[in-house]
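J.: Below is final-v1.pdb; it holds PDB, C-alpha atoms and all ligand atoms.
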```pdb
ATOM      1  CA  MET A 770     169.610 106.802 161.065  1.00  0.00           C
ATOM      2  CA  PRO A 771     165.821 106.656 161.712  1.00  0.00           C
ATOM      3  CA  SER A 772     164.631 109.574 163.847  1.00  0.00           C
ATOM      4  CA  GLU A 773     163.658 108.760 167.406  1.00  0.00           C
ATOM      5  CA  PRO A 774     159.857 108.561 167.752  1.00  0.00           C
ATOM      6  CA  THR A 775     158.430 111.513 169.673  1.00  0.00           C
ATOM      7  CA  PRO A 776     156.706 110.554 172.938  1.00  0.00           C
ATOM      8  CA  LEU A 777     153.043 111.425 173.005  1.00  0.00           C
ATOM      9  CA  PRO A 778     151.964 114.412 175.143  1.00  0.00           C
ATOM     10  CA  GLY A 779     150.564 113.476 178.489  1.00  0.00           C
ATOM     11  CA  THR A 780     152.616 110.339 178.724  1.00  0.00           C
ATOM     12  CA  ASP A 781     154.047 111.312 182.082  1.00  0.00           C
ATOM     13  CA  ARG A 782     152.594 108.443 184.062  1.00  0.00           C
ATOM     14  CA  PRO A 783     155.222 106.879 186.347  1.00  0.00           C
ATOM     15  CA  PHE A 784     157.087 103.896 185.009  1.00  0.00           C
ATOM     16  CA  GLU A 785     156.610 100.664 186.935  1.00  0.00           C
ATOM     17  CA  ILE A 786     158.565  97.442 186.647  1.00  0.00           C
ATOM     18  CA  ALA A 787     156.421  94.326 187.017  1.00  0.00           C
ATOM     19  CA  PRO A 788     158.345  91.060 186.869  1.00  0.00           C
ATOM     20  CA  SER A 789     156.813  87.940 185.446  1.00  0.00           C
ATOM     21  CA  VAL A 790     157.430  84.988 187.772  1.00  0.00           C
ATOM     22  CA  LEU A 791     157.597  82.469 184.924  1.00  0.00           C
ATOM     23  CA  PRO A 792     161.417  82.197 184.924  1.00  0.00           C
ATOM     24  CA  VAL A 793     161.859  81.812 188.699  1.00  0.00           C
ATOM     25  CA  ASP A 794     162.931  78.637 190.462  1.00  0.00           C
ATOM     26  CA  PHE A 795     159.552  77.253 191.529  1.00  0.00           C
ATOM     27  CA  ALA A 796     161.251  75.110 194.168  1.00  0.00           C
ATOM     28  CA  ASN A 797     162.062  78.411 195.939  1.00  0.00           C
ATOM     29  CA  PHE A 798     159.094  80.474 194.846  1.00  0.00           C
ATOM     30  CA  GLY A 799     158.763  82.492 198.033  1.00  0.00           C
ATOM     31  CA  GLN A 800     162.428  83.465 198.130  1.00  0.00           C
ATOM     32  CA  ALA A 801     162.234  84.390 194.453  1.00  0.00           C
ATOM     33  CA  CYS A 802     159.443  86.874 195.219  1.00  0.00           C
ATOM     34  CA  VAL A 803     161.451  88.329 198.111  1.00  0.00           C
ATOM     35  CA  ASP A 804     164.498  88.647 195.835  1.00  0.00           C
ATOM     36  CA  LEU A 805     162.412  90.454 193.186  1.00  0.00           C
ATOM     37  CA  VAL A 806     161.145  92.977 195.703  1.00  0.00           C
ATOM     38  CA  GLU A 807     164.630  93.490 197.158  1.00  0.00           C
ATOM     39  CA  ALA A 808     165.807  94.077 193.571  1.00  0.00           C
ATOM     40  CA  GLY A 809     163.419  97.020 193.336  1.00  0.00           C
ATOM     41  CA  VAL A 810     160.351  95.866 191.418  1.00  0.00           C
ATOM     42  CA  ASP A 811     157.150  97.856 191.919  1.00  0.00           C
ATOM     43  CA  ARG A 812     154.659  94.981 191.767  1.00  0.00           C
ATOM     44  CA  ILE A 813     154.632  91.264 190.913  1.00  0.00           C
ATOM     45  CA  GLN A 814     152.675  89.769 188.018  1.00  0.00           C
ATOM     46  CA  PHE A 815     151.550  86.148 188.289  1.00  0.00           C
ATOM     47  CA  ASP A 816     151.107  84.461 184.923  1.00  0.00           C
ATOM     48  CA  ILE A 817     148.051  82.237 185.267  1.00  0.00           C
ATOM     49  CA  MET A 818     147.698  79.825 182.360  1.00  0.00           C
ATOM     50  CA  ASP A 819     145.014  77.154 181.992  1.00  0.00           C
ATOM     51  CA  GLY A 820     146.315  75.086 179.058  1.00  0.00           C
ATOM     52  CA  ARG A 821     143.246  76.089 177.010  1.00  0.00           C
ATOM     53  CA  PHE A 822     143.362  79.845 176.447  1.00  0.00           C
ATOM     54  CA  VAL A 823     147.136  79.419 175.981  1.00  0.00           C
ATOM     55  CA  PRO A 824     149.138  76.222 175.258  1.00  0.00           C
ATOM     56  CA  ASN A 825     150.727  76.147 178.696  1.00  0.00           C
ATOM     57  CA  LEU A 826     149.678  75.414 182.279  1.00  0.00           C
ATOM     58  CA  THR A 827     151.108  77.208 185.311  1.00  0.00           C
ATOM     59  CA  PHE A 828     149.568  77.562 188.774  1.00  0.00           C
ATOM     60  CA  GLY A 829     146.506  78.637 190.751  1.00  0.00           C
ATOM     61  CA  PRO A 830     145.578  80.985 193.597  1.00  0.00           C
ATOM     62  CA  ASP A 831     147.023  78.792 196.344  1.00  0.00           C
ATOM     63  CA  LEU A 832     150.587  79.463 195.208  1.00  0.00           C
ATOM     64  CA  VAL A 833     149.898  83.200 195.106  1.00  0.00           C
ATOM     65  CA  ALA A 834     148.376  83.087 198.584  1.00  0.00           C
ATOM     66  CA  SER A 835     151.415  81.230 199.900  1.00  0.00           C
ATOM     67  CA  VAL A 836     153.709  84.184 199.187  1.00  0.00           C
ATOM     68  CA  ARG A 837     151.366  87.080 199.915  1.00  0.00           C
ATOM     69  CA  SER A 838     152.661  87.616 203.438  1.00  0.00           C
ATOM     70  CA  LEU A 839     156.313  87.541 202.376  1.00  0.00           C
ATOM     71  CA  VAL A 840     156.350  90.860 200.510  1.00  0.00           C
ATOM     72  CA  ASP A 841     154.313  94.046 200.541  1.00  0.00           C
ATOM     73  CA  VAL A 842     154.206  95.071 196.879  1.00  0.00           C
ATOM     74  CA  PRO A 843     150.942  94.887 194.910  1.00  0.00           C
ATOM     75  CA  PHE A 844     150.111  91.584 193.248  1.00  0.00           C
ATOM     76  CA  GLU A 845     148.418  91.286 189.876  1.00  0.00           C
ATOM     77  CA  ALA A 846     147.015  88.140 188.292  1.00  0.00           C
ATOM     78  CA  HIS A 847     147.359  87.917 184.504  1.00  0.00           C
ATOM     79  CA  LEU A 848     144.547  85.506 183.725  1.00  0.00           C
ATOM     80  CA  MET A 849     145.395  83.668 180.538  1.00  0.00           C
ATOM     81  CA  VAL A 850     142.336  81.564 181.265  1.00  0.00           C
ATOM     82  CA  HIS A 851     139.262  80.669 179.190  1.00  0.00           C
ATOM     83  CA  GLU A 852     136.131  82.186 180.776  1.00  0.00           C
ATOM     84  CA  PRO A 853     137.906  83.145 184.061  1.00  0.00           C
ATOM     85  CA  ASP A 854     134.925  84.737 185.904  1.00  0.00           C
ATOM     86  CA  TRP A 855     134.609  81.750 188.266  1.00  0.00           C
ATOM     87  CA  ILE A 856     138.211  81.977 189.525  1.00  0.00           C
ATOM     88  CA  VAL A 857     138.529  85.758 189.896  1.00  0.00           C
ATOM     89  CA  PRO A 858     137.352  85.816 193.551  1.00  0.00           C
ATOM     90  CA  GLN A 859     139.951  83.175 194.431  1.00  0.00           C
ATOM     91  CA  PHE A 860     142.811  85.354 193.149  1.00  0.00           C
ATOM     92  CA  VAL A 861     141.377  88.333 194.994  1.00  0.00           C
ATOM     93  CA  ASP A 862     141.256  86.265 198.182  1.00  0.00           C
ATOM     94  CA  ALA A 863     144.842  85.150 197.477  1.00  0.00           C
ATOM     95  CA  GLY A 864     145.959  88.786 197.641  1.00  0.00           C
ATOM     96  CA  CYS A 865     145.814  90.109 194.074  1.00  0.00           C
ATOM     97  CA  GLY A 866     144.562  93.691 194.043  1.00  0.00           C
ATOM     98  CA  LEU A 867     144.592  93.885 190.255  1.00  0.00           C
ATOM     99  CA  ILE A 868     143.021  91.256 188.004  1.00  0.00           C
ATOM    100  CA  ILE A 869     143.878  91.242 184.294  1.00  0.00           C
ATOM    101  CA  VAL A 870     141.219  89.695 182.068  1.00  0.00           C
ATOM    102  CA  HIS A 871     141.899  88.970 178.392  1.00  0.00           C
ATOM    103  CA  ALA A 872     139.301  90.510 176.082  1.00  0.00           C
ATOM    104  CA  GLU A 873     139.438  87.317 174.010  1.00  0.00           C
ATOM    105  CA  SER A 874     138.762  85.015 176.966  1.00  0.00           C
ATOM    106  CA  VAL A 875     135.181  86.003 177.781  1.00  0.00           C
ATOM    107  CA  ILE A 876     131.911  86.427 175.904  1.00  0.00           C
ATOM    108  CA  HIS A 877     130.687  89.397 177.978  1.00  0.00           C
ATOM    109  CA  LEU A 878     133.741  91.523 178.712  1.00  0.00           C
ATOM    110  CA  HIS A 879     131.863  94.394 180.340  1.00  0.00           C
ATOM    111  CA  ARG A 880     130.208  92.001 182.787  1.00  0.00           C
ATOM    112  CA  SER A 881     133.470  90.192 183.543  1.00  0.00           C
ATOM    113  CA  LEU A 882     135.351  93.416 184.264  1.00  0.00           C
ATOM    114  CA  SER A 883     132.477  94.688 186.402  1.00  0.00           C
ATOM    115  CA  ALA A 884     132.573  91.417 188.342  1.00  0.00           C
ATOM    116  CA  VAL A 885     136.244  92.038 189.188  1.00  0.00           C
ATOM    117  CA  GLY A 886     135.181  95.228 190.934  1.00  0.00           C
ATOM    118  CA  ASP A 887     132.335  93.394 192.662  1.00  0.00           C
ATOM    119  CA  ALA A 888     134.918  90.894 193.956  1.00  0.00           C
ATOM    120  CA  GLY A 889     136.825  93.743 195.618  1.00  0.00           C
ATOM    121  CA  ALA A 890     139.732  94.196 193.192  1.00  0.00           C
ATOM    122  CA  ARG A 891     140.662  96.629 190.457  1.00  0.00           C
ATOM    123  CA  ALA A 892     140.317  95.494 186.855  1.00  0.00           C
ATOM    124  CA  ALA A 893     142.616  95.525 183.848  1.00  0.00           C
ATOM    125  CA  VAL A 894     142.040  94.201 180.351  1.00  0.00           C
ATOM    126  CA  ALA A 895     144.595  92.449 178.137  1.00  0.00           C
ATOM    127  CA  LEU A 896     144.839  92.343 174.352  1.00  0.00           C
ATOM    128  CA  ASN A 897     146.627  89.660 172.358  1.00  0.00           C
ATOM    129  CA  PRO A 898     148.678  90.946 169.427  1.00  0.00           C
ATOM    130  CA  ALA A 899     145.935  90.440 166.841  1.00  0.00           C
ATOM    131  CA  THR A 900     143.188  92.055 168.923  1.00  0.00           C
ATOM    132  CA  PRO A 901     142.535  95.733 168.061  1.00  0.00           C
ATOM    133  CA  ILE A 902     142.266  98.413 170.731  1.00  0.00           C
ATOM    134  CA  GLU A 903     138.763  99.144 169.441  1.00  0.00           C
ATOM    135  CA  ASP A 904     137.639  95.982 171.248  1.00  0.00           C
ATOM    136  CA  VAL A 905     138.224  97.646 174.620  1.00  0.00           C
ATOM    137  CA  LEU A 906     137.592 101.372 174.092  1.00  0.00           C
ATOM    138  CA  ASP A 907     134.064 101.010 175.469  1.00  0.00           C
ATOM    139  CA  VAL A 908     135.224  99.406 178.740  1.00  0.00           C
ATOM    140  CA  LEU A 909     138.091 101.755 179.599  1.00  0.00           C
ATOM    141  CA  ASP A 910     135.883 103.280 182.290  1.00  0.00           C
ATOM    142  CA  LEU A 911     136.017  99.923 184.100  1.00  0.00           C
ATOM    143  CA  VAL A 912     139.788  99.444 184.123  1.00  0.00           C
ATOM    144  CA  GLU A 913     142.880 101.106 185.557  1.00  0.00           C
ATOM    145  CA  MET A 914     145.176  99.473 183.003  1.00  0.00           C
ATOM    146  CA  VAL A 915     145.285  97.947 179.530  1.00  0.00           C
ATOM    147  CA  LEU A 916     147.861  95.211 178.928  1.00  0.00           C
ATOM    148  CA  ILE A 917     149.049  95.114 175.322  1.00  0.00           C
ATOM    149  CA  MET A 918     150.767  91.787 174.732  1.00  0.00           C
ATOM    150  CA  THR A 919     154.002  92.114 172.785  1.00  0.00           C
ATOM    151  CA  VAL A 920     154.190  88.354 172.307  1.00  0.00           C
ATOM    152  CA  ASN A 921     151.559  85.714 171.731  1.00  0.00           C
ATOM    153  CA  PRO A 922     150.945  84.578 175.320  1.00  0.00           C
ATOM    154  CA  GLY A 923     151.921  81.230 176.743  1.00  0.00           C
ATOM    155  CA  PHE A 924     155.656  81.242 177.235  1.00  0.00           C
ATOM    156  CA  GLY A 925     158.473  83.438 178.417  1.00  0.00           C
ATOM    157  CA  GLY A 926     161.598  84.093 176.369  1.00  0.00           C
ATOM    158  CA  GLN A 927     159.815  84.925 173.113  1.00  0.00           C
ATOM    159  CA  SER A 928     160.762  87.706 170.716  1.00  0.00           C
ATOM    160  CA  TYR A 929     159.210  91.155 171.107  1.00  0.00           C
ATOM    161  CA  ILE A 930     156.656  92.032 168.423  1.00  0.00           C
ATOM    162  CA  ALA A 931     157.638  95.581 167.442  1.00  0.00           C
ATOM    163  CA  THR A 932     154.555  96.047 165.277  1.00  0.00           C
ATOM    164  CA  MET A 933     152.634  96.490 168.529  1.00  0.00           C
ATOM    165  CA  GLU A 934     154.178  99.952 168.970  1.00  0.00           C
ATOM    166  CA  PRO A 935     151.699 101.788 166.732  1.00  0.00           C
ATOM    167  CA  LYS A 936     148.924 100.000 168.614  1.00  0.00           C
ATOM    168  CA  ILE A 937     150.349 101.175 171.941  1.00  0.00           C
ATOM    169  CA  ALA A 938     150.610 104.714 170.575  1.00  0.00           C
ATOM    170  CA  ARG A 939     147.012 104.678 169.291  1.00  0.00           C
ATOM    171  CA  LEU A 940     145.746 103.588 172.676  1.00  0.00           C
ATOM    172  CA  ARG A 941     147.860 106.127 174.540  1.00  0.00           C
ATOM    173  CA  ARG A 942     146.581 108.872 172.242  1.00  0.00           C
ATOM    174  CA  HIS A 943     142.979 107.796 172.902  1.00  0.00           C
ATOM    175  CA  ILE A 944     143.577 107.749 176.671  1.00  0.00           C
ATOM    176  CA  VAL A 945     145.190 111.195 176.656  1.00  0.00           C
ATOM    177  CA  GLU A 946     142.617 112.751 174.311  1.00  0.00           C
ATOM    178  CA  HIS A 947     139.753 111.444 176.463  1.00  0.00           C
ATOM    179  CA  GLY A 948     141.385 112.441 179.744  1.00  0.00           C
ATOM    180  CA  LEU A 949     141.325 108.898 181.078  1.00  0.00           C
ATOM    181  CA  ASP A 950     143.342 107.642 184.055  1.00  0.00           C
ATOM    182  CA  VAL A 951     144.576 104.398 182.515  1.00  0.00           C
ATOM    183  CA  ASP A 952     148.025 102.809 182.494  1.00  0.00           C
ATOM    184  CA  ILE A 953     149.349 100.838 179.537  1.00  0.00           C
ATOM    185  CA  GLU A 954     151.272  97.697 180.391  1.00  0.00           C
ATOM    186  CA  VAL A 955     153.358  95.684 177.930  1.00  0.00           C
ATOM    187  CA  ASP A 956     154.337  92.068 178.388  1.00  0.00           C
ATOM    188  CA  GLY A 957     156.544  89.879 176.268  1.00  0.00           C
ATOM    189  CA  GLY A 958     160.113  90.284 175.115  1.00  0.00           C
ATOM    190  CA  ILE A 959     160.632  93.409 177.203  1.00  0.00           C
ATOM    191  CA  GLY A 960     164.317  93.959 177.935  1.00  0.00           C
ATOM    192  CA  PRO A 961     167.203  96.412 177.439  1.00  0.00           C
ATOM    193  CA  ALA A 962     166.854  96.336 173.652  1.00  0.00           C
ATOM    194  CA  THR A 963     163.096  96.836 173.505  1.00  0.00           C
ATOM    195  CA  VAL A 964     161.946  98.796 176.564  1.00  0.00           C
ATOM    196  CA  ALA A 965     162.723 102.269 175.174  1.00  0.00           C
ATOM    197  CA  ALA A 966     160.600 101.763 172.077  1.00  0.00           C
ATOM    198  CA  ALA A 967     157.682 100.441 174.125  1.00  0.00           C
ATOM    199  CA  ALA A 968     157.978 103.355 176.563  1.00  0.00           C
ATOM    200  CA  THR A 969     158.210 105.904 173.763  1.00  0.00           C
ATOM    201  CA  ALA A 970     155.078 104.479 172.195  1.00  0.00           C
ATOM    202  CA  GLY A 971     153.236 105.055 175.463  1.00  0.00           C
ATOM    203  CA  ALA A 972     153.622 102.054 177.770  1.00  0.00           C
ATOM    204  CA  ASN A 973     154.386 102.863 181.403  1.00  0.00           C
ATOM    205  CA  VAL A 974     154.043  99.483 183.167  1.00  0.00           C
ATOM    206  CA  LEU A 975     156.722  97.121 181.959  1.00  0.00           C
ATOM    207  CA  VAL A 976     156.524  93.370 182.463  1.00  0.00           C
ATOM    208  CA  ALA A 977     159.771  91.502 182.099  1.00  0.00           C
ATOM    209  CA  GLY A 978     160.601  87.904 182.808  1.00  0.00           C
ATOM    210  CA  SER A 979     163.607  86.373 181.115  1.00  0.00           C
ATOM    211  CA  ALA A 980     165.377  89.728 180.652  1.00  0.00           C
ATOM    212  CA  LEU A 981     165.545  90.209 184.425  1.00  0.00           C
ATOM    213  CA  PHE A 982     167.130  86.833 185.045  1.00  0.00           C
ATOM    214  CA  ARG A 983     169.688  86.809 182.250  1.00  0.00           C
ATOM    215  CA  ASP A 984     171.451  90.026 183.295  1.00  0.00           C
ATOM    216  CA  PRO A 985     175.010  88.994 184.283  1.00  0.00           C
ATOM    217  CA  ALA A 986     175.143  91.936 186.702  1.00  0.00           C
ATOM    218  CA  GLY A 987     172.217  90.497 188.649  1.00  0.00           C
ATOM    219  CA  LEU A 988     168.546  91.136 189.330  1.00  0.00           C
ATOM    220  CA  ALA A 989     168.870  94.567 190.931  1.00  0.00           C
ATOM    221  CA  HIS A 990     170.898  95.818 188.003  1.00  0.00           C
ATOM    222  CA  ALA A 991     168.422  94.395 185.530  1.00  0.00           C
ATOM    223  CA  VAL A 992     165.525  96.176 187.247  1.00  0.00           C
ATOM    224  CA  SER A 993     167.308  99.516 187.595  1.00  0.00           C
ATOM    225  CA  ASP A 994     168.663  99.350 184.051  1.00  0.00           C
ATOM    226  CA  LEU A 995     165.207  98.673 182.628  1.00  0.00           C
ATOM    227  CA  ARG A 996     163.765 101.590 184.605  1.00  0.00           C
ATOM    228  CA  ALA A 997     166.610 103.896 183.557  1.00  0.00           C
ATOM    229  CA  ARG A 998     166.150 103.060 179.893  1.00  0.00           C
ATOM    230  CA  ALA A 999     162.435 103.814 180.151  1.00  0.00           C
ATOM    231  CA  GLU A1000     163.037 107.078 182.053  1.00  0.00           C
ATOM    232  CA  ALA A1001     165.621 108.133 179.471  1.00  0.00           C
ATOM    233  CA  THR A1002     162.876 108.285 176.835  1.00  0.00           C
ATOM    234  CA  ARG A1003     161.449 111.313 178.642  1.00  0.00           C
ATOM    235  CA  SER A1004     164.679 113.271 179.116  1.00  0.00           C
TER     236      SER A1004
HETATM  237  C1  LIG B   1     152.945  85.323 178.439  1.00  0.00           C
HETATM  238  C2  LIG B   1     153.816  85.573 179.615  1.00  0.00           C
HETATM  239  C3  LIG B   1     155.215  86.115 179.232  1.00  0.00           C
HETATM  240  C4  LIG B   1     155.992  86.574 180.422  1.00  0.00           C
HETATM  241  C5  LIG B   1     157.123  87.513 180.026  1.00  0.00           C
HETATM  242  O1  LIG B   1     153.550  84.563 177.529  1.00  0.00           O
HETATM  243  O2  LIG B   1     153.139  86.498 180.387  1.00  0.00           O
HETATM  244  O3  LIG B   1     155.026  87.177 178.350  1.00  0.00           O
HETATM  245  O4  LIG B   1     155.160  87.270 181.265  1.00  0.00           O
HETATM  246  O5  LIG B   1     158.102  86.737 179.463  1.00  0.00           O
HETATM  247  P1  LIG B   1     159.444  87.382 178.837  1.00  0.00           P
HETATM  248  O6  LIG B   1     159.724  88.682 179.533  1.00  0.00           O
HETATM  249  O7  LIG B   1     160.494  86.364 179.090  1.00  0.00           O
HETATM  250  O8  LIG B   1     159.142  87.586 177.385  1.00  0.00           O
END
```
Output the file's structure as structure tokens, nothing else.
Ligand code: DX5
T.:
Amino acid sequence: MPSEPTPLPGTDRPFEIAPSVLPVDFANFGQACVDLVEAGVDRIQFDIMDGRFVPNLTFGPDLVASVRSLVDVPFEAHLMVHEPDWIVPQFVDAGCGLIIVHAESVIHLHRSLSAVGDAGARAAVALNPATPIEDVLDVLDLVEMVLIMTVNPGFGGQSYIATMEPKIARLRRHIVEHGLDVDIEVDGGIGPATVAAAATAGANVLVAGSALFRDPAGLAHAVSDLRARAEATRS
């Protein structure tokens, strides 16, 4: 039996559950957001895809704005968009307080993350599976969160890439050793079978899409079960 990995010191940041809206019924998008909040999620992540940075196309700021007044949890925009600087202000105006920019999507990452702050939101940076954490260590002062993708972005329902765990742990160790106030979010294949390993490695913001909607006991159970499994890694 392999020994359980030991959580890193200083990994006592609160766990947050952030649903991806990809699996929801888009014909009832507003009610789906209300249902997610009633089920106990801490924030809502909107997966913005442009069909160029990723091989899929989703929606723009207008849809986000249409549901902003329905719930009071924080909104974050995960911009899977090539060169997204131009559209950042529109997602801020739509009600997203946190804007996630992919390190691979811009030429001047420091400028793009600084521009998120100039637009009145907080910044986060995302890393695709092949992108090393070293690409973002010099901009951690500009972000409140690093999103480590545990799938190649573009679609929900993909398999979790467990080889991202050492990467999560390396980043968490760097954050702790440098006394930084930065969350680590994971996104892709997060569910009952994978959340504990991601949490043990050092992730504390957990994005789940398909796992929340396939729980036969319902959405609220799925959210509480995911949170309980993450919390259990610290007991
Ligand atoms: C990028 C998307 C998905 C989604 C989560 O592909 O951002 O990762 O949020 O999808 P699940 O939880 O179904 O893997």
J.: Can you find the residues with an atom no farther than 12 Å from (134.4, 85.5, 174.6), counting only C-alpha atoms, and report them as a count of residues only?
T.: 19
J.: Could you give me, as a tab-separated table, every chain A residue with an atom at most 7 Å from ligand LIG 1 (chain B), plus its closest atom pair and distance in Å to one decimal, counting only C-alpha atoms and all ligand atoms, rows ordered by chain then number?
T.:
```
residue	atom	partner	partner_atom	distance
A:Ser789	CA	B:LIG1	O4	4.5
A:Leu791	CA	B:LIG1	C4	6.3
A:Asp816	CA	B:LIG1	O2	5.4
A:Val920	CA	B:LIG1	O3	6.2
A:Asn921	CA	B:LIG1	O1	6.2
A:Pro922	CA	B:LIG1	O1	3.4
A:Gly923	CA	B:LIG1	O1	3.8
A:Phe924	CA	B:LIG1	O1	3.9
A:Gly925	CA	B:LIG1	O5	3.5
A:Gly926	CA	B:LIG1	O7	3.7
A:Gln927	CA	B:LIG1	O8	5.1
A:Ser928	CA	B:LIG1	O8	6.9
A:Asp956	CA	B:LIG1	O3	4.9
A:Gly957	CA	B:LIG1	O8	3.6
A:Gly958	CA	B:LIG1	O8	3.7
A:Ile959	CA	B:LIG1	O6	5.3
A:Val976	CA	B:LIG1	O4	6.4
A:Ala977	CA	B:LIG1	O6	3.8
A:Gly978	CA	B:LIG1	O6	3.5
A:Ser979	CA	B:LIG1	O7	3.7
A:Ala980	CA	B:LIG1	O6	5.9
```
J.: First collect every listed atom of segment 780-799 of chain A; then fit an axis-aligned box around them, widen it by 3 Å on each side, and give centre and edge lengths in Å to one decimal, as AutoDock Vina command-line options.
T.:
```
--center_x 157.8 --center_y 93.2 --center_z 188.4 --size_x 16.3 --size_y 42.2 --size_z 25.3
```
J.: Pull the neighbourhood of (150.0, 105.2, 180.9) for me: all residues within 9 Å in file coordinates, counting only C-alpha atoms, as a ChimeraX atom specification.
T.: /A:779-784,914-915,941,944-945,950-954,971-974
J.: Give as a PyMOL selection string the residues that the PyMOL selection byres (((chain A and resi 833-840) around 7) and not hetatm) matches when applied to the coordinates above.
T.: chain A and resi 799+803+830-832+841-842+863-864
J.: Residues at most 9 Å from Ala968 of chain A, counting all atoms listed in the file, excluding those fewer than 5 positions away in the same chain, as a PyMOL selection string?
T.: chain A and resi 776+784+963+973-975+998-1000+1002-1003
J.: For Leu848 of chain A, which residue out of A:Arg983, A:His947, A:Arg942, A:Arg821 is the nearest one, using all atoms listed in the file?
T.: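 So, comparing all the options, the nearest one is A:Arg821.
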J.: Just the number, please: distance in Å from atom CA of Gly987 of chain A to atom CA of Glu785 of chain A, one decimal.
T.: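 It comes out at 18.7 Å.
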J.: In Å, with one decimal, what is the gap from atom CA of Asn897 of chain A to atom CA of Asp910 of chain A?
T.: 20.0 Å
J.: Determine the nearest neighbour of Ile902 of chain A from the options A:Ile930, A:Leu940, A:Leu916, A:Gly889, counting all atoms listed in the file.
T.: A:Leu940
J.: Carefully work through the PyMOL selection byres (((chain A and resi 890) around 7) and not hetatm) for this structure and note down the residues it includes, as a VMD selection string.
T.: chain A and resid 861 866 to 868 885 to 886 888 to 889 891 to 892
J.: What is the distance between atom CA of Asp887 of chain A and atom CA of Ile937 of chain A, in Å to one decimal?
T.: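 If I compute the distance from atom CA of Asp887 of chain A to atom CA of Ile937 of chain A, I get 28.5 Å.
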J.: Here is a test: counting all atoms listed in the file, which residue of A:Leu882, A:Ala970, A:Val810, A:Val790 is nearest to Ala989 of chain A?
T.: A:Val810
J.: Return the single residue from A:Leu909, A:Leu949, A:Ile856, A:Val955 that is closest to Ala931 of chain A, with distances computed using only C-alpha atoms.
T.: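 Ranked by minimum distance to Ala931 of chain A, first place goes to A:Val955.
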J.: Can you list, as a list in words, the residues that the PyMOL selection byres (((chain A and resi 808) around 6) and not hetatm) selects here?
T.: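 Taken over the shown coordinates, the PyMOL selection byres (((chain A and resi 808) around 6) and not hetatm) returns Leu805, Val806, Glu807, Gly809, Leu988 and Ala989 of chain A.
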J.: Find the residue from A:Thr969, A:Phe860, A:Met918, A:Pro901 that sits nearest to Phe828 of chain A; use all atoms listed in the file when measuring.
T.: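 Of A:Thr969, A:Phe860, A:Met918, A:Pro901, the one nearest Phe828 of chain A, counting all atoms listed in the file, is A:Phe860.
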